[in-house]
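Source file: input_0.txt (compact mmCIF, C-alpha atoms)
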```txt
# COMPACT_ATOMS: atom_id res chain seq x y z
CA MET A 1 -57.56 -111.09 -69.27
CA LEU A 2 -58.62 -107.73 -67.81
CA ALA A 3 -55.84 -105.95 -66.01
CA SER A 4 -56.08 -103.83 -62.88
CA MET A 5 -56.31 -100.18 -63.85
CA GLN A 6 -54.69 -98.97 -60.66
CA GLY A 7 -52.75 -95.79 -61.39
CA LYS A 8 -54.21 -95.43 -64.89
CA THR A 9 -55.92 -92.23 -66.01
CA ILE A 10 -59.01 -92.42 -68.22
CA LEU A 11 -61.14 -89.73 -69.89
CA ILE A 12 -64.65 -90.76 -70.96
CA THR A 13 -67.05 -88.52 -72.87
CA GLY A 14 -70.81 -88.97 -72.69
CA ALA A 15 -70.27 -90.51 -69.27
CA THR A 16 -73.50 -89.66 -67.43
CA SER A 17 -75.70 -92.41 -68.86
CA GLY A 18 -75.79 -95.60 -70.93
CA ILE A 19 -72.59 -97.36 -71.82
CA GLY A 20 -70.49 -94.31 -70.95
CA LEU A 21 -71.62 -94.51 -67.34
CA ALA A 22 -71.25 -98.31 -67.29
CA MET A 23 -67.68 -98.09 -68.61
CA ALA A 24 -66.80 -95.35 -66.14
CA ARG A 25 -68.16 -97.31 -63.18
CA GLU A 26 -66.41 -100.56 -64.12
CA LEU A 27 -63.04 -98.94 -64.87
CA ALA A 28 -63.22 -96.91 -61.66
CA GLY A 29 -63.87 -100.18 -59.87
CA LYS A 30 -60.61 -101.45 -61.31
CA GLY A 31 -58.79 -98.55 -59.66
CA ALA A 32 -58.49 -96.05 -62.51
CA HIS A 33 -58.56 -92.31 -62.07
CA VAL A 34 -61.60 -91.48 -64.23
CA THR A 35 -62.59 -88.09 -65.63
CA LEU A 36 -66.22 -87.90 -66.75
CA VAL A 37 -67.27 -85.42 -69.42
CA GLY A 38 -70.92 -84.38 -69.72
CA ARG A 39 -73.11 -81.36 -70.51
CA ASN A 40 -75.47 -81.50 -67.52
CA SER A 41 -73.89 -80.30 -64.28
CA ALA A 42 -76.47 -81.91 -61.98
CA LYS A 43 -76.18 -85.30 -63.68
CA LEU A 44 -72.38 -85.09 -63.66
CA ALA A 45 -72.29 -84.42 -59.93
CA THR A 46 -74.80 -87.17 -59.18
CA VAL A 47 -73.08 -89.78 -61.33
CA ALA A 48 -69.62 -88.96 -59.97
CA GLU A 49 -70.85 -89.38 -56.40
CA GLN A 50 -72.63 -92.64 -57.28
CA ILE A 51 -69.43 -94.06 -58.79
CA ARG A 52 -67.40 -93.02 -55.74
CA ASN A 53 -69.91 -94.68 -53.41
CA GLN A 54 -70.32 -97.85 -55.50
CA THR A 55 -66.61 -98.45 -56.11
CA GLY A 56 -64.91 -96.84 -53.13
CA ASN A 57 -62.70 -95.02 -55.63
CA GLN A 58 -62.57 -91.32 -54.80
CA ASN A 59 -60.49 -90.41 -57.87
CA ILE A 60 -63.44 -89.37 -60.01
CA ASP A 61 -63.27 -85.97 -61.73
CA THR A 62 -65.82 -84.20 -63.90
CA ILE A 63 -65.65 -81.71 -66.75
CA LEU A 64 -68.78 -79.82 -67.78
CA ALA A 65 -68.73 -79.18 -71.52
CA ASP A 66 -70.86 -79.18 -74.67
CA LEU A 67 -68.85 -81.30 -77.10
CA SER A 68 -70.97 -80.32 -80.09
CA ILE A 69 -69.12 -76.99 -80.28
CA HIS A 70 -65.43 -76.22 -80.76
CA ALA A 71 -65.27 -74.19 -77.54
CA GLY A 72 -66.60 -77.12 -75.52
CA VAL A 73 -64.04 -79.51 -76.96
CA GLN A 74 -61.24 -77.01 -76.34
CA LEU A 75 -62.44 -76.46 -72.77
CA THR A 76 -62.41 -80.21 -72.12
CA ALA A 77 -58.83 -80.61 -73.33
CA HIS A 78 -57.68 -77.50 -71.47
CA GLU A 79 -59.30 -78.52 -68.18
CA PHE A 80 -57.98 -82.05 -68.40
CA LYS A 81 -54.41 -80.90 -69.08
CA LYS A 82 -54.62 -78.45 -66.18
CA ARG A 83 -55.39 -81.30 -63.79
CA ARG A 84 -53.54 -84.31 -65.16
CA THR A 85 -50.12 -84.89 -66.72
CA ARG A 86 -50.91 -88.25 -68.28
CA LEU A 87 -53.74 -89.96 -70.16
CA ASP A 88 -53.68 -93.73 -70.52
CA VAL A 89 -57.07 -94.21 -72.17
CA LEU A 90 -59.30 -91.81 -74.08
CA ILE A 91 -62.81 -93.12 -74.73
CA ASN A 92 -64.74 -91.07 -77.28
CA ASN A 93 -68.31 -92.04 -76.56
CA ALA A 94 -70.50 -88.90 -76.60
CA GLY A 95 -72.99 -89.01 -79.44
CA ALA A 96 -76.64 -88.83 -80.43
CA ILE A 97 -79.10 -89.25 -83.26
CA TYR A 98 -81.22 -86.36 -84.55
CA MET A 99 -84.23 -87.29 -86.65
CA SER A 100 -84.73 -83.66 -87.65
CA ARG A 101 -81.83 -81.58 -88.93
CA ARG A 102 -80.37 -79.34 -86.25
CA LEU A 103 -77.38 -77.03 -86.14
CA SER A 104 -74.71 -76.87 -83.47
CA GLY A 105 -73.69 -73.62 -81.84
CA ASP A 106 -70.99 -73.36 -84.52
CA GLY A 107 -73.55 -73.68 -87.31
CA LEU A 108 -72.64 -77.25 -88.24
CA GLU A 109 -75.11 -80.09 -88.67
CA MET A 110 -75.43 -81.54 -85.16
CA THR A 111 -74.85 -85.22 -85.93
CA PHE A 112 -71.64 -84.45 -87.80
CA ALA A 113 -70.49 -81.98 -85.14
CA LEU A 114 -71.10 -84.20 -82.12
CA ASN A 115 -70.61 -87.72 -83.45
CA HIS A 116 -67.58 -87.13 -85.65
CA LEU A 117 -65.92 -83.73 -85.33
CA ASN A 118 -65.95 -83.96 -81.53
CA TYR A 119 -63.97 -87.26 -81.66
CA PHE A 120 -61.52 -85.86 -84.19
CA HIS A 121 -60.98 -82.53 -82.44
CA LEU A 122 -60.68 -83.81 -78.85
CA THR A 123 -58.31 -86.62 -79.79
CA ASN A 124 -56.03 -84.29 -81.70
CA LEU A 125 -55.96 -81.82 -78.80
CA LEU A 126 -54.97 -84.62 -76.41
CA LEU A 127 -52.46 -86.39 -78.64
CA ASP A 128 -49.48 -84.79 -76.93
CA VAL A 129 -50.57 -86.14 -73.54
CA LEU A 130 -51.40 -89.55 -75.00
CA LYS A 131 -47.98 -89.82 -76.65
CA ALA A 132 -46.23 -88.74 -73.45
CA SER A 133 -48.18 -91.44 -71.58
CA ALA A 134 -47.37 -94.27 -74.00
CA PRO A 135 -48.43 -97.00 -74.08
CA ALA A 136 -51.83 -95.32 -74.34
CA ARG A 137 -55.12 -96.18 -76.01
CA VAL A 138 -57.85 -94.36 -77.93
CA ILE A 139 -61.25 -96.07 -78.14
CA ASN A 140 -63.89 -94.69 -80.51
CA VAL A 141 -67.45 -95.87 -80.00
CA SER A 142 -68.91 -96.46 -83.46
CA SER A 143 -71.76 -98.70 -84.61
CA ASP A 144 -72.71 -101.31 -87.17
CA ALA A 145 -75.00 -98.56 -88.49
CA HIS A 146 -71.93 -97.53 -90.52
CA ARG A 147 -72.42 -100.44 -92.91
CA GLY A 148 -73.59 -99.53 -96.39
CA GLN A 149 -73.11 -95.80 -95.86
CA VAL A 150 -71.53 -93.38 -98.34
CA ILE A 151 -69.96 -90.05 -97.40
CA ASP A 152 -71.09 -87.21 -99.64
CA PHE A 153 -68.52 -84.41 -99.37
CA ASP A 154 -70.81 -82.19 -101.44
CA ASP A 155 -73.44 -82.42 -98.71
CA LEU A 156 -71.57 -83.14 -95.48
CA GLN A 157 -73.94 -80.89 -93.55
CA GLY A 158 -77.13 -82.42 -94.92
CA GLU A 159 -78.34 -79.15 -96.42
CA LYS A 160 -79.52 -80.72 -99.69
CA SER A 161 -81.00 -83.87 -98.22
CA TYR A 162 -81.32 -84.99 -94.61
CA SER A 163 -82.27 -88.26 -92.98
CA GLY A 164 -81.58 -88.81 -89.29
CA TRP A 165 -80.69 -92.47 -89.72
CA THR A 166 -78.43 -91.77 -92.71
CA ALA A 167 -76.67 -88.91 -90.93
CA TYR A 168 -76.10 -91.15 -87.92
CA GLY A 169 -74.81 -94.06 -90.02
CA ARG A 170 -72.44 -91.79 -91.93
CA SER A 171 -71.09 -90.34 -88.68
CA LYS A 172 -70.35 -93.86 -87.47
CA LEU A 173 -68.51 -94.61 -90.72
CA MET A 174 -66.52 -91.44 -90.11
CA ASN A 175 -65.60 -92.75 -86.65
CA ILE A 176 -64.02 -95.82 -88.21
CA LEU A 177 -62.30 -93.95 -91.03
CA PHE A 178 -60.87 -91.62 -88.39
CA THR A 179 -59.74 -94.57 -86.25
CA TYR A 180 -57.89 -96.22 -89.12
CA GLU A 181 -56.25 -93.00 -90.30
CA LEU A 182 -55.27 -92.14 -86.72
CA THR A 183 -53.64 -95.56 -86.46
CA ARG A 184 -51.57 -94.91 -89.55
CA ARG A 185 -50.45 -91.52 -88.23
CA LEU A 186 -49.57 -92.92 -84.81
CA THR A 187 -47.32 -95.71 -86.05
CA GLY A 188 -44.35 -96.00 -83.73
CA LYS A 189 -45.77 -93.48 -81.22
CA GLY A 190 -46.95 -95.99 -78.61
CA VAL A 191 -50.62 -95.01 -78.92
CA THR A 192 -53.21 -97.44 -80.27
CA ALA A 193 -56.62 -96.59 -81.74
CA ASN A 194 -59.54 -98.97 -82.10
CA ALA A 195 -63.26 -98.61 -82.84
CA MET A 196 -66.11 -100.64 -81.42
CA HIS A 197 -69.79 -101.48 -81.87
CA PRO A 198 -71.62 -101.74 -78.52
CA GLY A 199 -74.72 -103.30 -80.03
CA PHE A 200 -78.25 -102.02 -79.59
CA VAL A 201 -78.40 -100.96 -75.95
CA ALA A 202 -81.44 -100.17 -73.81
CA SER A 203 -80.62 -96.64 -72.66
CA GLY A 204 -81.79 -93.08 -73.17
CA PHE A 205 -80.30 -93.03 -76.66
CA GLY A 206 -82.59 -91.54 -79.27
CA ARG A 207 -85.16 -90.26 -76.79
CA ASN A 208 -84.23 -86.65 -77.53
CA ASN A 209 -86.37 -86.93 -80.68
CA GLY A 210 -89.85 -86.67 -79.21
CA THR A 211 -92.60 -88.98 -78.01
CA LEU A 212 -92.79 -91.29 -81.04
CA MET A 213 -89.08 -92.09 -81.01
CA SER A 214 -89.12 -92.56 -77.23
CA LEU A 215 -92.03 -94.98 -77.52
CA ALA A 216 -90.32 -96.93 -80.30
CA MET A 217 -87.16 -97.27 -78.21
CA LYS A 218 -89.15 -98.48 -75.21
CA LEU A 219 -91.01 -101.06 -77.31
CA ILE A 220 -87.83 -102.64 -78.65
CA SER A 221 -85.84 -102.33 -75.41
CA PRO A 222 -86.72 -105.89 -74.23
CA ILE A 223 -84.53 -107.31 -77.01
CA ALA A 224 -81.72 -104.84 -76.41
CA LYS A 225 -78.51 -105.30 -74.46
CA THR A 226 -78.20 -103.80 -71.01
CA ALA A 227 -75.83 -100.87 -70.63
CA ASP A 228 -73.37 -103.16 -68.84
CA GLU A 229 -73.47 -105.63 -71.73
CA GLY A 230 -72.99 -102.85 -74.28
CA ALA A 231 -70.06 -101.46 -72.29
CA SER A 232 -68.20 -104.76 -72.08
CA THR A 233 -66.26 -104.33 -75.33
CA GLY A 234 -65.15 -100.83 -74.36
CA ILE A 235 -64.01 -102.05 -70.96
CA TYR A 236 -62.14 -104.88 -72.66
CA LEU A 237 -60.38 -102.49 -75.06
CA ALA A 238 -59.46 -100.15 -72.21
CA SER A 239 -58.10 -102.76 -69.83
CA SER A 240 -57.30 -106.04 -71.56
CA ILE A 241 -53.70 -107.21 -71.73
CA GLU A 242 -54.61 -109.10 -74.92
CA VAL A 243 -55.07 -105.93 -76.97
CA GLU A 244 -51.91 -104.21 -75.78
CA GLY A 245 -50.25 -102.87 -78.95
CA LEU A 246 -53.17 -103.88 -81.19
CA SER A 247 -54.41 -100.96 -83.29
CA GLY A 248 -56.58 -100.11 -86.25
CA LYS A 249 -59.30 -102.69 -85.57
CA TYR A 250 -63.08 -102.70 -85.32
CA PHE A 251 -64.42 -104.74 -82.40
CA VAL A 252 -67.80 -106.37 -81.86
CA ASP A 253 -68.41 -108.45 -78.73
CA LYS A 254 -64.71 -108.19 -77.80
CA GLN A 255 -63.63 -109.64 -81.15
CA PRO A 256 -62.00 -107.83 -84.08
CA VAL A 257 -64.21 -108.08 -87.19
CA ASP A 258 -64.13 -106.58 -90.66
CA SER A 259 -65.86 -103.24 -90.92
CA ASP A 260 -67.60 -102.08 -94.10
CA PRO A 261 -65.33 -102.04 -97.20
CA ALA A 262 -65.73 -98.24 -97.46
CA SER A 263 -64.00 -97.84 -94.10
CA TYR A 264 -60.73 -99.16 -95.56
CA ASP A 265 -60.56 -96.48 -98.28
CA GLN A 266 -57.38 -94.60 -97.35
CA ALA A 267 -57.97 -91.77 -99.80
CA LEU A 268 -61.43 -91.25 -98.29
CA ALA A 269 -59.95 -91.27 -94.78
CA VAL A 270 -57.33 -88.67 -95.71
CA ARG A 271 -59.94 -86.45 -97.34
CA LEU A 272 -62.12 -86.68 -94.24
CA TRP A 273 -59.12 -85.92 -92.02
CA ASP A 274 -58.11 -82.85 -94.07
CA THR A 275 -61.70 -81.59 -94.25
CA SER A 276 -62.15 -82.01 -90.51
CA LEU A 277 -58.87 -80.24 -89.83
CA GLU A 278 -60.04 -77.25 -91.85
CA MET A 279 -63.25 -77.10 -89.82
CA ILE A 280 -61.49 -76.86 -86.46
CA ALA A 281 -58.74 -74.46 -87.59
```

Written as structure tokens, how would this file's structure read?
Amino acid sequence: MLASMQGKTILITGATSGIGLAMARELAGKGAHVTLVGRNSAKLATVAEQIRNQTGNQNIDTILADLSIHAGVQLTAHEFKKRRTRLDVLINNAGAIYMSRRLSGDGLEMTFALNHLNYFHLTNLLLDVLKASAPARVINVSSDAHRGQVIDFDDLQGEKSYSGWTAYGRSKLMNILFTYELTRRLTGKGVTANAMHPGFVASGFGRNNGTLMSLAMKLISPIAKTADEGASTGIYLASSIEVEGLSGKYFVDKQPVDSDPASYDQALAVRLWDTSLEMIA
């Protein structure tokens, strides 16, 4: 059962397209105050106005930030706290795949910086607000691409060997390791954390990698989910009464399923947490 979100406050990253936009629109339609985070000011303004017009909900805010860099993550948390005193749901969704190795503005490998460190950093900066708003929820968008991946701490930045698909899959494993470790650290705090797989969605994902990748995505898009279909699990986790208090799970099609065995390695999760903490210090 999906509850009304009237009076709830939600922050969604990567909210100007794909499942981020679909989740924002649906949750706004349920009455939530939604803050959209994106890195393109024109798209942010357009999407915010579209959601207001489509849902009749005028409580749509935007934050312009590049979440691949520490300063962008810090700006997002700072701006949100300036405007709002509570946060009921944080949806970490911003992410991308880079077929060629690229560096963020902080000199980190881009997939790691955006897909993992962004989730870790932003969530930790907003934990005080989440705890004060309990019961609150953190939803991390991961992927079944995490399966079969191994994290190499001797080459976290892909300097020795780089594959776009491997870097992406590893970042999605990191999302789940982070989710499970966050759950352990939030025990008794009234904040839940769950990860999800949206499925293969027909969106702009992956089209930042040139003509060949764009063509490949277009060719396989007929068998893909729509953005609304891909967003359904995130909407469920954000608003369902059934998952109230449920934490530390990996969801596919609104159902908790087992993630890859590597994701349950607590020592690995702690090492990733400590390493990530050092990188944002």

With distances taken over only C-alpha atoms, which of A:Trp165, A:Phe200, A:Phe112, A:Tyr236 is nearest to Arg137 in chain A?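 Looking at the shortest contact to Arg137 in chain A, the residue is A:Tyr236.
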
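For the atom pair formed by CA of Ala113 in chain A and CA of Glu49 in chain A, the distance is 29.7 Å, given to one decimal.
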
Interface rows for range 136-187 of chain A against range 12-22 of chain A: nearest pair, Å to one decimal, 12 Å, all atoms listed in the file, as CSV:
```
residue,atom,partner,partner_atom,distance
A:Val138,CA,A:Ile12,CA,10.4
A:Ile139,CA,A:Ile12,CA,9.6
A:Asn140,CA,A:Thr13,CA,10.3
A:Val141,CA,A:Gly20,CA,9.7
```

Leaving out range 74-82 of chain A and any residue of its chain fewer than 4 positions from it, which residues lie within 7 Å of it when counting all atoms listed in the file, given as an MDAnalysis selection string? chainID A and resid 63 65 70 122 125:126

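Ranking A:Gln50, A:Thr179, A:Thr9, A:Asn59 by their shortest atom-to-atom distance to Ala269 in chain A, with all atoms listed in the file included, puts A:Thr179 first.
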
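Atom pair CA of Thr275 in chain A / CA of Gln157 in chain A has a distance of 12.3 Å (rounded to one decimal).
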
Just give me the gap between CA of Arg84 in chain A and CA of Leu186 in chain A in Å, one decimal is fine. 21.8 Å

Among A:Ile60, A:Val150, A:Val47, A:Ala167, Ala96 in chain A is approached most closely, using only C-alpha atoms, by A:Ala167

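Each of A:Ala32, A:Leu67, A:Ala262, A:Ala24 was checked against Ala231 in chain A using all atoms listed in the file; the smallest atom-to-atom distance is that of A:Ala24.
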
Choose the residue, out of A:Val73, A:Ala42, A:Val270, A:Leu127, that has the smallest atom-to-atom separation from Arg184 in chain A; count only C-alpha atoms.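 Distance minimum relative to Arg184 in chain A lands on A:Val270.
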
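Proximity to Gly169 in chain A was assessed for A:Ile97, A:Leu44, A:Leu114, A:Ile51 counting all atoms listed in the file; the smallest distance is recorded for A:Ile97.
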
Please list as a list in words every residue within 8 Å of Arg147 in chain A, counting all atoms listed in the file and excluding residues in the same chain fewer than 4 positions away.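 My reading of the contact set: Gly169, Leu173, Ser259 and Asp260 of chain A.
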
Start from the incomplete input, build N, CA and C atoms for range 104-120 of chain A, and deliver everything as a CSV table (one decimal), keeping the file's coordinate frame.
```csv
chain,number,residue,atom,x,y,z
A,104,SER,N,-75.4,-77.1,-84.7
A,104,SER,CA,-74.7,-76.9,-83.5
A,104,SER,C,-74.5,-75.4,-83.2
A,105,GLY,N,-74.0,-75.0,-82.1
A,105,GLY,CA,-73.7,-73.6,-81.8
A,105,GLY,C,-72.7,-73.0,-82.8
A,106,ASP,N,-71.9,-73.8,-83.5
A,106,ASP,CA,-71.0,-73.4,-84.5
A,106,ASP,C,-71.6,-73.3,-85.9
A,107,GLY,N,-72.9,-73.7,-86.0
A,107,GLY,CA,-73.6,-73.7,-87.3
A,107,GLY,C,-73.3,-74.9,-88.2
A,108,LEU,N,-72.8,-76.0,-87.5
A,108,LEU,CA,-72.6,-77.2,-88.2
A,108,LEU,C,-73.8,-78.2,-88.0
A,109,GLU,N,-74.1,-79.1,-88.9
A,109,GLU,CA,-75.1,-80.1,-88.7
A,109,GLU,C,-74.7,-80.9,-87.4
A,110,MET,N,-75.7,-81.0,-86.5
A,110,MET,CA,-75.4,-81.5,-85.2
A,110,MET,C,-74.9,-83.0,-85.1
A,111,THR,N,-75.4,-83.8,-85.9
A,111,THR,CA,-74.8,-85.2,-85.9
A,111,THR,C,-73.4,-85.3,-86.3
A,112,PHE,N,-73.0,-84.5,-87.4
A,112,PHE,CA,-71.6,-84.4,-87.8
A,112,PHE,C,-70.8,-83.8,-86.7
A,113,ALA,N,-71.3,-82.7,-86.1
A,113,ALA,CA,-70.5,-82.0,-85.1
A,113,ALA,C,-70.2,-82.8,-83.9
A,114,LEU,N,-71.2,-83.5,-83.4
A,114,LEU,CA,-71.1,-84.2,-82.1
A,114,LEU,C,-70.5,-85.6,-82.3
A,115,ASN,N,-71.0,-86.3,-83.3
A,115,ASN,CA,-70.6,-87.7,-83.4
A,115,ASN,C,-69.3,-87.9,-84.1
A,116,HIS,N,-68.9,-87.0,-85.0
A,116,HIS,CA,-67.6,-87.1,-85.6
A,116,HIS,C,-66.6,-86.1,-85.3
A,117,LEU,N,-66.9,-84.8,-85.5
A,117,LEU,CA,-65.9,-83.7,-85.3
A,117,LEU,C,-65.4,-83.6,-83.9
A,118,ASN,N,-66.3,-83.9,-82.9
A,118,ASN,CA,-66.0,-84.0,-81.5
A,118,ASN,C,-64.8,-85.0,-81.3
A,119,TYR,N,-65.0,-86.2,-81.8
A,119,TYR,CA,-64.0,-87.3,-81.7
A,119,TYR,C,-62.6,-86.8,-82.2
A,120,PHE,N,-62.7,-86.3,-83.5
A,120,PHE,CA,-61.5,-85.9,-84.2
A,120,PHE,C,-60.8,-84.7,-83.5
```
